[in-house]
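Novice: Below you'll find the structure I mean.
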Amino acid sequence: MGFLSQVGHEPLPPTIGRNVLGRKVLYLPGFFTYARHIVEVDGKRGLFRGLTPRLISSTLSTITRGSVKKAFPLEDMEHVSNKDDVKTSLRKVVRETSHEMMMQCVSRVVSHPLHVISMRCMVQFVGREVKYSGVFSAIGRIFKEEGILGFFVGLVPHILGDVIFLWCCNLLAHFINTYAVDDNFSQASVIRSYTKFVMGIAVSMLTYPFLLVGDLMAVNNCGLRAGLPPYAPAFASWIHCWRYLSAQGQLFRGSSLLFRRAPIPAASFPID
């Protein structure tokens with residue numbers, strides 16, 4: 001359902017609630033309510049639309065990362081974290097991040113065609129369509145209608161999001177561990193082990209618009225209802241899509257599955 005909310009499909013009306021300040025706001029249905037609606041309309045199988053190509057995509061990504069890692073092994077460097085070794089530790093982070101970026105980019109390119117098919121299978125729920133009914137038939141249809149490039153729509157923003165995420169996450173974690181965590185602190189090693197995880201959560205929120213734009217481009221103007229007006233115009237490029245969402249204040253649409261605010265200011269509601 002996350003992807004359906006990304007494309008702007010909101011079949012259920014919002015409900016009025018209150019935020020932490022006590023002001024009235026409109027809340028869109030959360031994950032469980034939305035999932036229940038899908039089951040009512042499509043049966044339980046509706047919750048698993050696009051699962052097969054998604055699993056194949058994940059498998060290809062994992063295999064590709066392993067193959068690239070084996071073909072281009074990264075030489076181990078001695079662990080350093082002391083402030084006296086800032087240059088050495090930074091060089092280590094840069095090397096590791098560059099290697100990780102290479103693996104991620106290659107795996108993204110290899111797995112993206114199946115990701116596109118998965119997105120299109122899922123979004124057919126919006127228009128009750130059956131254009132993409134299986135992996136092999138979807139491959140043939142996309143190749144016939146859009147050519148090779150049809151398998152890679154939305155790839156650029158996805159790769160940009162991956163690259164920005166890796167570099168920001170790793171560099172921020174490095175500088176925090178180096179300058180903010182004192183080596184004399186008894187729990188320093190424990191804190192350092194969680195820094196990258198916490199930074200990953202924070203940075204993923206900032207790079208979410210790249211994921212959103214990439215997924216929207218995967219279904220835009222492909223003949224499915226969710227990729228056409230009124231859900232979205234036919235975008236000329238992913239930059240056009242980004243600018244459109246930015247102008248609408250929708251760059252983070254679908255980022256939350258539980259507490260989903262409707263894009264209407266609370267001030268528009270009468271106060272009791």
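Order determines the names: the first chain of the structure tokens is A, the second B, and so forth; residues in each chain are numbered 1 upward, and ligands are numbered 1 upward as they are shown.
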Determine, counting only C-alpha atoms, which protein, DNA and RNA residues have an atom within 8 Å of an atom of Gly214 (chain A); residues of the same chain fewer than 2 positions away are not included. Present the result as a compact mmCIF listing (two decimals) with N, CA and C atoms, in the first residue's frame.

Specialist:
# COMPACT_ATOMS: atom_id res chain seq x y z
N VAL A 153 13.42 3.30 -16.62
CA VAL A 153 12.80 4.56 -16.22
C VAL A 153 12.86 4.69 -14.70
N GLY A 154 13.24 5.87 -14.25
CA GLY A 154 13.36 6.10 -12.81
C GLY A 154 14.67 5.63 -12.21
N LEU A 155 15.58 5.14 -13.04
CA LEU A 155 16.85 4.63 -12.52
C LEU A 155 17.75 5.74 -11.97
N VAL A 156 17.83 6.87 -12.68
CA VAL A 156 18.74 7.95 -12.28
C VAL A 156 18.45 8.48 -10.88
N PRO A 157 17.20 8.87 -10.54
CA PRO A 157 16.96 9.34 -9.18
C PRO A 157 17.23 8.27 -8.12
N HIS A 158 16.98 7.02 -8.44
CA HIS A 158 17.27 5.95 -7.49
C HIS A 158 18.77 5.87 -7.20
N PHE A 210 14.10 11.18 -3.62
CA PHE A 210 14.69 10.49 -4.77
C PHE A 210 13.99 9.15 -4.99
N LEU A 211 13.70 8.44 -3.89
CA LEU A 211 12.98 7.17 -3.99
C LEU A 211 11.58 7.39 -4.56
N LEU A 212 10.91 8.43 -4.06
CA LEU A 212 9.55 8.72 -4.53
C LEU A 212 9.54 9.06 -6.02
N LEU A 216 7.75 6.93 -9.03
CA LEU A 216 6.69 7.54 -9.84
C LEU A 216 7.05 7.49 -11.32
N MET A 217 8.32 7.71 -11.64
CA MET A 217 8.73 7.66 -13.04
C MET A 217 8.61 6.26 -13.61
N ALA A 218 8.70 5.24 -12.75
CA ALA A 218 8.60 3.85 -13.20
C ALA A 218 7.22 3.54 -13.76
N TRP A 238 12.64 13.05 -14.91
CA TRP A 238 12.51 12.93 -13.46
C TRP A 238 12.66 14.30 -12.78

Novice: Would you pick out the contacts of His99 (chain A) at 10 Å or less, using only C-alpha atoms, so that residues sharing its chain but fewer than 2 positions from it are not included, and give the list as a list in words?

Specialist: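 Contacts, with the query itself left out: Val68, Lys69, Phe72, Pro73, Leu74, Val93, Val94, Arg95, Glu96, Thr97, Met101, Met102, Met103 and Gln104 of chain A.
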
Novice: What does the file look like for those residues with all heavy atoms, as a short mmCIF file (atom, residue, chain, number, x, y, z; two decimals), in the first residue's frame?

Specialist:
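Generated file (selection_15.cif):
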data_model
loop_
_atom_site.label_atom_id
_atom_site.label_comp_id
_atom_site.auth_asym_id
_atom_site.auth_seq_id
_atom_site.Cartn_x
_atom_site.Cartn_y
_atom_site.Cartn_z
N VAL A 68 30.22 -8.60 -7.47
CA VAL A 68 31.09 -7.43 -7.60
C VAL A 68 32.11 -7.39 -6.47
O VAL A 68 33.28 -7.07 -6.68
CB VAL A 68 30.25 -6.13 -7.61
CG1 VAL A 68 31.17 -4.91 -7.59
CG2 VAL A 68 29.35 -6.09 -8.83
N LYS A 69 31.66 -7.73 -5.27
CA LYS A 69 32.56 -7.73 -4.12
C LYS A 69 33.67 -8.75 -4.29
O LYS A 69 34.82 -8.52 -3.92
CB LYS A 69 31.77 -8.04 -2.84
CG LYS A 69 32.58 -7.90 -1.57
CD LYS A 69 31.69 -8.09 -0.35
CE LYS A 69 32.50 -7.88 0.93
NZ LYS A 69 31.63 -8.03 2.14
N PHE A 72 35.99 -7.45 -7.22
CA PHE A 72 36.78 -6.28 -6.84
C PHE A 72 36.87 -6.19 -5.31
O PHE A 72 36.22 -5.36 -4.69
CB PHE A 72 36.15 -4.99 -7.39
CG PHE A 72 35.99 -4.98 -8.88
CD1 PHE A 72 34.78 -5.38 -9.47
CD2 PHE A 72 37.04 -4.59 -9.71
CE1 PHE A 72 34.62 -5.37 -10.84
CE2 PHE A 72 36.88 -4.58 -11.08
CZ PHE A 72 35.68 -4.97 -11.66
N PRO A 73 37.65 -7.09 -4.73
CA PRO A 73 37.76 -7.11 -3.26
C PRO A 73 38.40 -5.84 -2.72
O PRO A 73 39.27 -5.24 -3.36
CB PRO A 73 38.62 -8.35 -2.99
CG PRO A 73 39.44 -8.51 -4.24
CD PRO A 73 38.53 -8.09 -5.35
N LEU A 74 37.95 -5.44 -1.54
CA LEU A 74 38.49 -4.26 -0.88
C LEU A 74 39.55 -4.70 0.12
O LEU A 74 39.28 -5.52 1.00
CB LEU A 74 37.39 -3.49 -0.16
CG LEU A 74 37.81 -2.22 0.59
CD1 LEU A 74 38.30 -1.16 -0.39
CD2 LEU A 74 36.65 -1.68 1.42
N VAL A 93 37.41 5.51 5.33
CA VAL A 93 35.98 5.68 5.09
C VAL A 93 35.70 5.96 3.62
O VAL A 93 34.76 5.42 3.03
CB VAL A 93 35.41 6.82 5.97
CG1 VAL A 93 33.97 7.15 5.56
CG2 VAL A 93 35.45 6.43 7.43
N VAL A 94 36.51 6.81 3.00
CA VAL A 94 36.33 7.15 1.59
C VAL A 94 36.50 5.91 0.71
O VAL A 94 35.71 5.69 -0.22
CB VAL A 94 37.32 8.25 1.17
CG1 VAL A 94 37.31 8.43 -0.35
CG2 VAL A 94 36.98 9.57 1.86
N ARG A 95 37.51 5.11 1.02
CA ARG A 95 37.74 3.89 0.22
C ARG A 95 36.58 2.92 0.37
O ARG A 95 36.09 2.35 -0.61
CB ARG A 95 39.04 3.23 0.66
CG ARG A 95 40.31 3.95 0.22
CD ARG A 95 41.54 3.15 0.59
NE ARG A 95 41.52 1.83 -0.01
CZ ARG A 95 42.42 0.88 0.26
NH1 ARG A 95 43.40 1.13 1.13
NH2 ARG A 95 42.35 -0.29 -0.32
N GLU A 96 36.14 2.71 1.61
CA GLU A 96 35.05 1.77 1.85
C GLU A 96 33.74 2.26 1.22
O GLU A 96 32.99 1.46 0.64
CB GLU A 96 34.86 1.57 3.36
CG GLU A 96 36.00 0.82 4.02
CD GLU A 96 35.80 0.68 5.52
OE1 GLU A 96 34.93 1.41 6.07
OE2 GLU A 96 36.50 -0.13 6.14
N THR A 97 33.50 3.56 1.31
CA THR A 97 32.26 4.10 0.75
C THR A 97 32.29 4.04 -0.78
O THR A 97 31.27 3.75 -1.41
CB THR A 97 32.06 5.55 1.20
OG1 THR A 97 32.05 5.61 2.63
CG2 THR A 97 30.73 6.10 0.69
N MET A 101 29.65 2.06 -2.90
CA MET A 101 28.89 2.78 -3.91
C MET A 101 28.94 2.04 -5.25
O MET A 101 27.91 1.93 -5.94
CB MET A 101 29.45 4.19 -4.08
CG MET A 101 28.75 5.03 -5.15
SD MET A 101 29.50 6.65 -5.36
CE MET A 101 31.10 6.18 -6.09
N MET A 102 30.10 1.52 -5.61
CA MET A 102 30.23 0.78 -6.85
C MET A 102 29.33 -0.45 -6.83
O MET A 102 28.61 -0.72 -7.80
CB MET A 102 31.68 0.37 -7.07
CG MET A 102 31.90 -0.49 -8.32
SD MET A 102 33.60 -1.04 -8.50
CE MET A 102 33.78 -2.10 -7.05
N MET A 103 29.35 -1.18 -5.72
CA MET A 103 28.51 -2.38 -5.62
C MET A 103 27.03 -2.02 -5.70
O MET A 103 26.25 -2.70 -6.37
CB MET A 103 28.79 -3.11 -4.30
CG MET A 103 30.16 -3.75 -4.21
SD MET A 103 30.29 -4.85 -2.79
CE MET A 103 30.03 -3.70 -1.42
N GLN A 104 26.65 -0.94 -5.03
CA GLN A 104 25.25 -0.54 -5.00
C GLN A 104 24.76 -0.09 -6.37
O GLN A 104 23.65 -0.43 -6.80
CB GLN A 104 25.04 0.58 -3.98
CG GLN A 104 23.61 1.08 -3.86
CD GLN A 104 22.64 0.00 -3.42
OE1 GLN A 104 23.02 -0.92 -2.71
NE2 GLN A 104 21.40 0.11 -3.85
#

Novice: Please identify the strand (DSSP E or B) residues within region 3-231 of chain A (assignment by DSSP from backbone atoms) and present them as a list of chain:residue names.

Specialist: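 The strand (DSSP E or B) residues within region 3-231 of chain A come out as A:Thr15, A:Ile16, A:Gly17, A:Arg18, A:Lys24, A:Val25, A:Leu26, A:Tyr27, A:Leu28.
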
Novice: Return the single residue from A:Tyr244, A:Leu160, A:Ile239, A:Met199 that is closest to Ile176 (chain A), with distances computed using only C-alpha atoms.

Specialist: A:Met199

Novice: Name all residues at most 9 Å from Glu146 (chain A) (count only C-alpha atoms; drop same-chain ones fewer than 5 positions away) and give them as number ranges by chain.

Specialist: A: 141, 151, 222

Novice: Deliver the residues from the most recent selection as a file, using N, CA and C atoms, as a compact mmCIF listing (two decimals), in the first residue's frame.

Specialist:
# COMPACT_ATOMS: atom_id res chain seq x y z
N ARG A 141 6.02 -6.99 -22.97
CA ARG A 141 5.20 -5.82 -23.23
C ARG A 141 6.03 -4.54 -23.14
N PHE A 151 12.89 -0.32 -19.40
CA PHE A 151 13.24 -1.08 -18.19
C PHE A 151 14.02 -0.23 -17.18
N CYS A 222 2.76 5.08 -18.66
CA CYS A 222 3.00 3.74 -19.19
C CYS A 222 1.71 3.07 -19.63

Novice: Tell me which protein, DNA and RNA residues are within 6 Å of region 22-27 of chain A, counting only C-alpha atoms, leaving out same-chain ones fewer than 4 positions away, and put them as a PyMOL selection string.

Specialist: chain A and resi 14-18+260-262+266

Novice: Selected residues, all heavy atoms, written as an mmCIF file, in the first residue's frame, please.

Specialist:
data_model
loop_
_atom_site.group_PDB
_atom_site.id
_atom_site.type_symbol
_atom_site.label_atom_id
_atom_site.label_comp_id
_atom_site.auth_asym_id
_atom_site.auth_seq_id
_atom_site.Cartn_x
_atom_site.Cartn_y
_atom_site.Cartn_z
ATOM 1 N N PRO A 14 -10.323 10.951 4.650
ATOM 2 C CA PRO A 14 -9.552 11.230 5.864
ATOM 3 C C PRO A 14 -10.467 11.428 7.063
ATOM 4 O O PRO A 14 -11.673 11.647 6.910
ATOM 5 C CB PRO A 14 -8.806 12.514 5.509
ATOM 6 C CG PRO A 14 -9.700 13.183 4.505
ATOM 7 C CD PRO A 14 -10.323 12.073 3.709
ATOM 8 N N THR A 15 -9.902 11.316 8.239
ATOM 9 C CA THR A 15 -10.659 11.533 9.470
ATOM 10 C C THR A 15 -10.051 12.706 10.227
ATOM 11 O O THR A 15 -8.856 12.981 10.121
ATOM 12 C CB THR A 15 -10.631 10.287 10.362
ATOM 13 O OG1 THR A 15 -9.252 9.935 10.648
ATOM 14 C CG2 THR A 15 -11.314 9.114 9.686
ATOM 15 N N ILE A 16 -10.887 13.382 10.984
ATOM 16 C CA ILE A 16 -10.413 14.529 11.758
ATOM 17 C C ILE A 16 -9.839 14.058 13.089
ATOM 18 O O ILE A 16 -10.460 13.280 13.806
ATOM 19 C CB ILE A 16 -11.553 15.538 12.007
ATOM 20 C CG1 ILE A 16 -12.082 16.086 10.675
ATOM 21 C CG2 ILE A 16 -11.085 16.675 12.894
ATOM 22 C CD1 ILE A 16 -13.240 17.046 10.826
ATOM 23 N N GLY A 17 -8.658 14.515 13.383
ATOM 24 C CA GLY A 17 -8.024 14.197 14.655
ATOM 25 C C GLY A 17 -7.342 15.423 15.205
ATOM 26 O O GLY A 17 -7.506 16.531 14.684
ATOM 27 N N ARG A 18 -6.569 15.229 16.234
ATOM 28 C CA ARG A 18 -5.847 16.352 16.846
ATOM 29 C C ARG A 18 -4.369 16.009 16.945
ATOM 30 O O ARG A 18 -3.996 14.873 17.240
ATOM 31 C CB ARG A 18 -6.414 16.679 18.230
ATOM 32 C CG ARG A 18 -7.846 17.205 18.191
ATOM 33 C CD ARG A 18 -8.338 17.592 19.575
ATOM 34 N NE ARG A 18 -9.722 18.062 19.532
ATOM 35 C CZ ARG A 18 -10.084 19.305 19.293
ATOM 36 N NH1 ARG A 18 -9.149 20.220 19.073
ATOM 37 N NH2 ARG A 18 -11.362 19.655 19.273
ATOM 38 N N ARG A 260 -0.519 9.584 8.963
ATOM 39 C CA ARG A 260 -0.434 10.222 7.661
ATOM 40 C C ARG A 260 -1.312 11.461 7.625
ATOM 41 O O ARG A 260 -2.530 11.377 7.576
ATOM 42 C CB ARG A 260 -0.837 9.230 6.567
ATOM 43 C CG ARG A 260 -0.018 7.949 6.584
ATOM 44 C CD ARG A 260 -0.576 6.910 5.629
ATOM 45 N NE ARG A 260 -0.676 7.435 4.288
ATOM 46 C CZ ARG A 260 -1.761 7.321 3.536
ATOM 47 N NH1 ARG A 260 -2.846 6.727 3.986
ATOM 48 N NH2 ARG A 260 -1.773 7.816 2.321
ATOM 49 N N ARG A 261 -0.681 12.613 7.626
ATOM 50 C CA ARG A 261 -1.404 13.873 7.574
ATOM 51 C C ARG A 261 -1.892 14.145 6.159
ATOM 52 O O ARG A 261 -1.163 13.990 5.187
ATOM 53 C CB ARG A 261 -0.502 15.024 8.017
ATOM 54 C CG ARG A 261 -0.176 15.043 9.502
ATOM 55 C CD ARG A 261 -1.258 15.772 10.267
ATOM 56 N NE ARG A 261 -1.373 17.145 9.844
ATOM 57 C CZ ARG A 261 -0.656 18.148 10.348
ATOM 58 N NH1 ARG A 261 0.241 17.923 11.289
ATOM 59 N NH2 ARG A 261 -0.849 19.391 9.924
ATOM 60 N N ALA A 262 -3.144 14.565 6.041
ATOM 61 C CA ALA A 262 -3.674 14.980 4.740
ATOM 62 C C ALA A 262 -3.074 16.332 4.384
ATOM 63 O O ALA A 262 -2.809 17.149 5.266
ATOM 64 C CB ALA A 262 -5.195 15.072 4.788
ATOM 65 N N ALA A 266 -4.493 22.446 9.077
ATOM 66 C CA ALA A 266 -5.463 22.262 10.144
ATOM 67 C C ALA A 266 -6.277 23.514 10.401
ATOM 68 O O ALA A 266 -7.388 23.475 10.891
ATOM 69 C CB ALA A 266 -4.735 21.835 11.424
#

Novice: Pick the closest to Ala180 (chain A) from A:Thr195, A:Thr64, A:Glu75, A:Ser133: which is it, counting only C-alpha atoms?

Specialist: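 Ranking A:Thr195, A:Thr64, A:Glu75, A:Ser133 by distance to Ala180 (chain A), first place goes to A:Thr195.
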
Novice: Counting only C-alpha atoms, which of A:Ile38, A:Val163, A:Val198, A:Ile117 gets nearest to Pro53 (chain A)?

Specialist: A:Ile117

Novice: Show which residues sit within 12 Å of region 248-259 of chain A, as a ChimeraX atom specification. Count only C-alpha atoms, and ignore same-chain residues fewer than 3 positions away.

Specialist: /A:1-10,14-15,17-19,25-35,204-216,232,241-245,262-265

Novice: Check region 6-182 of chain A with DSSP on the backbone and list each residue it calls alpha helix (DSSP H), as a PyMOL selection string.

Specialist: chain A and resi 6+31-42+51-71+86-127+135-146+155-175

Novice: Would you mind listing what lies within 9 Å of Leu224 (chain A) as a list of chain:residue names, with only C-alpha atoms counted and same-chain residues fewer than 3 positions away left out?

Specialist: A:Arg120, A:Val123, A:Gln124, A:Val126, A:Gly127, A:Glu129, A:Lys131, A:Val219, A:Asn220, A:Asn221, A:Gly227, A:Leu228
